[in-house]
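To be precise, the following lines are work-v6.txt, and they hold compact mmCIF, C-alpha atoms.
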```
# COMPACT_ATOMS: atom_id res chain seq x y z
CA MET A 940 20.62 -34.67 5.88
CA ASN A 941 17.22 -35.08 7.49
CA GLN A 942 15.86 -31.69 8.54
CA THR A 943 13.18 -33.28 10.77
CA ILE A 944 15.86 -34.88 12.95
CA VAL A 945 17.89 -31.66 13.07
CA LYS A 946 14.81 -29.66 14.12
CA ALA A 947 13.93 -32.23 16.80
CA ILE A 948 17.39 -31.97 18.34
CA LYS A 949 17.58 -28.17 18.16
CA GLU A 950 14.10 -27.73 19.65
CA ARG A 951 14.28 -30.75 22.00
CA LEU A 952 11.20 -32.38 20.51
CA LEU A 953 10.35 -36.07 20.67
CA LEU A 954 10.42 -38.19 17.54
CA GLU A 955 8.16 -41.15 16.84
CA LEU A 956 9.66 -43.65 14.44
CA THR A 957 9.50 -47.21 13.20
CA TYR A 958 12.79 -49.11 13.28
CA ASN A 959 13.25 -52.86 12.74
CA GLY A 960 9.47 -53.19 12.69
CA PHE A 961 8.98 -51.59 16.12
CA ARG A 962 7.27 -48.26 16.79
CA ARG A 963 9.28 -46.16 19.23
CA THR A 964 9.28 -42.70 20.79
CA VAL A 965 12.74 -41.26 21.30
CA GLU A 966 14.61 -38.23 22.59
CA PRO A 967 17.14 -37.43 19.84
CA HIS A 968 20.55 -36.36 21.13
CA ALA A 969 22.96 -36.51 18.17
CA TYR A 970 22.68 -36.92 14.42
CA GLY A 971 25.59 -37.29 12.04
CA ALA A 972 27.49 -39.45 9.60
CA THR A 973 30.14 -42.13 10.05
CA LYS A 974 33.41 -42.20 8.12
CA THR A 975 31.77 -44.67 5.71
CA GLY A 976 28.94 -42.20 5.04
CA TYR A 977 26.11 -43.83 7.00
CA GLU A 978 23.81 -41.36 8.73
CA LYS A 979 23.27 -42.30 12.39
CA LEU A 980 21.00 -41.12 15.20
CA THR A 981 21.91 -41.39 18.87
CA CYS A 982 18.75 -41.26 20.94
CA TYR A 983 17.11 -42.34 24.16
CA GLN A 984 13.97 -44.45 23.78
CA VAL A 985 11.17 -43.43 26.15
CA LYS A 986 8.20 -45.40 24.74
CA GLY A 987 7.46 -48.27 22.42
CA SER A 988 8.88 -51.70 21.73
CA HIS A 989 12.20 -53.17 20.71
CA SER A 990 13.65 -56.56 19.92
CA SER A 991 15.32 -57.22 23.28
CA LEU A 992 13.98 -57.55 26.80
CA LYS A 993 16.12 -54.66 28.03
CA PRO A 994 14.39 -51.62 29.52
CA HIS A 995 14.22 -48.42 27.50
CA ASP A 996 17.69 -47.08 27.03
CA TRP A 997 20.16 -45.59 24.55
CA ASP A 998 19.89 -46.53 20.87
CA TYR A 999 22.13 -45.88 17.87
CA PHE A 1000 20.06 -46.08 14.68
CA ASP A 1001 21.03 -46.30 11.03
CA VAL A 1002 18.83 -43.49 9.64
CA SER A 1003 18.37 -45.30 6.31
CA LYS A 1004 16.54 -48.08 8.19
CA ILE A 1005 13.97 -45.76 9.81
CA MET A 1006 10.68 -46.57 8.08
CA THR A 1007 8.46 -43.80 9.47
CA LEU A 1008 9.49 -40.59 11.19
CA THR A 1009 7.17 -38.10 12.86
CA LEU A 1010 8.12 -34.97 14.76
CA LEU A 1011 5.95 -34.72 17.87
CA GLU A 1012 4.87 -31.53 19.63
CA ASP A 1013 6.00 -32.93 22.98
CA SER A 1014 9.35 -31.71 24.22
CA PHE A 1015 11.92 -33.25 26.53
CA SER A 1016 13.93 -31.48 29.20
CA GLY A 1017 17.42 -32.03 27.87
CA VAL A 1018 20.43 -34.29 28.08
CA ARG A 1019 19.97 -37.75 29.56
CA PRO A 1020 22.59 -39.16 31.96
CA GLY A 1021 25.21 -41.11 30.06
CA TYR A 1022 25.18 -38.90 26.97
CA LYS A 1023 28.54 -37.77 25.61
CA ARG A 1024 28.82 -34.93 23.10
CA ASP A 1025 30.93 -35.32 19.98
CA ASP A 1026 30.12 -39.02 19.52
CA PRO A 1027 33.38 -40.58 18.22
CA ARG A 1028 31.38 -43.01 16.04
CA MET A 1029 30.38 -40.01 13.89
CA THR A 1030 32.96 -38.14 11.82
CA THR A 1031 30.44 -35.44 10.83
CA ILE A 1032 27.84 -34.18 13.30
CA TYR A 1033 24.83 -32.35 11.86
CA ALA A 1034 23.16 -31.61 15.20
CA GLN A 1035 23.67 -32.52 18.86
CA LEU A 1036 22.55 -31.49 22.32
```
Let's see the structure in the file written out as structure tokens.
Amino acid sequence: MNQTIVKAIKERLLLELTYNGFRRTVEPHAYGATKTGYEKLTCYQVKGSHSSLKPHDWDYFDVSKIMTLTLLEDSFSGVRPGYKRDDPRMTTIYAQL
């Protein structure tokens, strides 16, 4: 379990990370594991790039594919519209808003 992600969720702090070669700033909402054991992060991207032309939105990351991870001092206000607690894709939830 990644304590940086847990702390970010509990304290509502932004994370800066590199995923699929793109640097992103995200609001972490849920972190857990799937039934096959993959650790996943549900988050809302607020800055940075991604591979599609879609506007910033919800992402579901495989934590093992995150190349860099930095806890920022900037906080976010709370739950984004569209977020659902107890993400059914995760069988174990380590932290969630």
task: Quick one: pull the distance between CA of Thr1030 (chain A) and CA of Ile948 (chain A), Å, one decimal.
output: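 Interatomic distance, CA of Thr1030 (chain A) to CA of Ile948 (chain A): 18.0 Å.
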task: Find the residues around Glu978 (chain A) up to 12 Å (only C-alpha atoms counted), leave out those fewer than 6 positions away in its own chain, and share them as a list in words.
output: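 Listing them by chain and then by number gives Met940, Asn941, Ile944, Ala969, Tyr970, Gly971, Ala972, Tyr999, Phe1000, Asp1001, Val1002, Ser1003, Lys1004, Ile1005, Arg1028, Met1029, Thr1030, Thr1031, Ile1032, Tyr1033 and Ala1034 of chain A.
The residue that comes closest to Ser1016 (chain A), out of A:Val945, A:Leu1036, A:Leu980, A:Leu956 and on the basis of all atoms listed in the file, is A:Leu1036.
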Selection: 9 Å around His995 (chain A), all atoms listed in the file, excl. self and same-chain fewer than 4 positions, as a PyMOL selection string: chain A and resi 983-989
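Across the model, the gap from CA of Glu950 (chain A) to CA of Ser1014 (chain A) is 7.7 Å.
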- prompt: What separation in Å, quoted to one decimal, exists between CA of Gly976 (chain A) and CA of Phe1015 (chain A)?
  reply: 28.8 Å
- line: Shortest contact to Lys946 (chain A), candidates A:Leu1011, A:Tyr958, A:Lys979, A:Arg963, atoms counted only C-alpha atoms, goes to A:Leu1011
- prompt: In terms of the shortest atom-to-atom distance over all atoms listed in the file, which of A:Thr981, A:Met1006, A:Asp1013, A:Asp998 is closest to Asp1025 (chain A)?
  reply: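 Of the candidates, the smallest distance to Asp1025 (chain A) is held by A:Thr981.
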query: Restricting the calculation to all atoms listed in the file, which member of A:Lys949, A:Pro967, A:Arg962, A:Pro1027 is positioned closest to Trp997 (chain A)?
result: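 Residue with the minimum atom-to-atom distance to Trp997 (chain A): A:Pro967.
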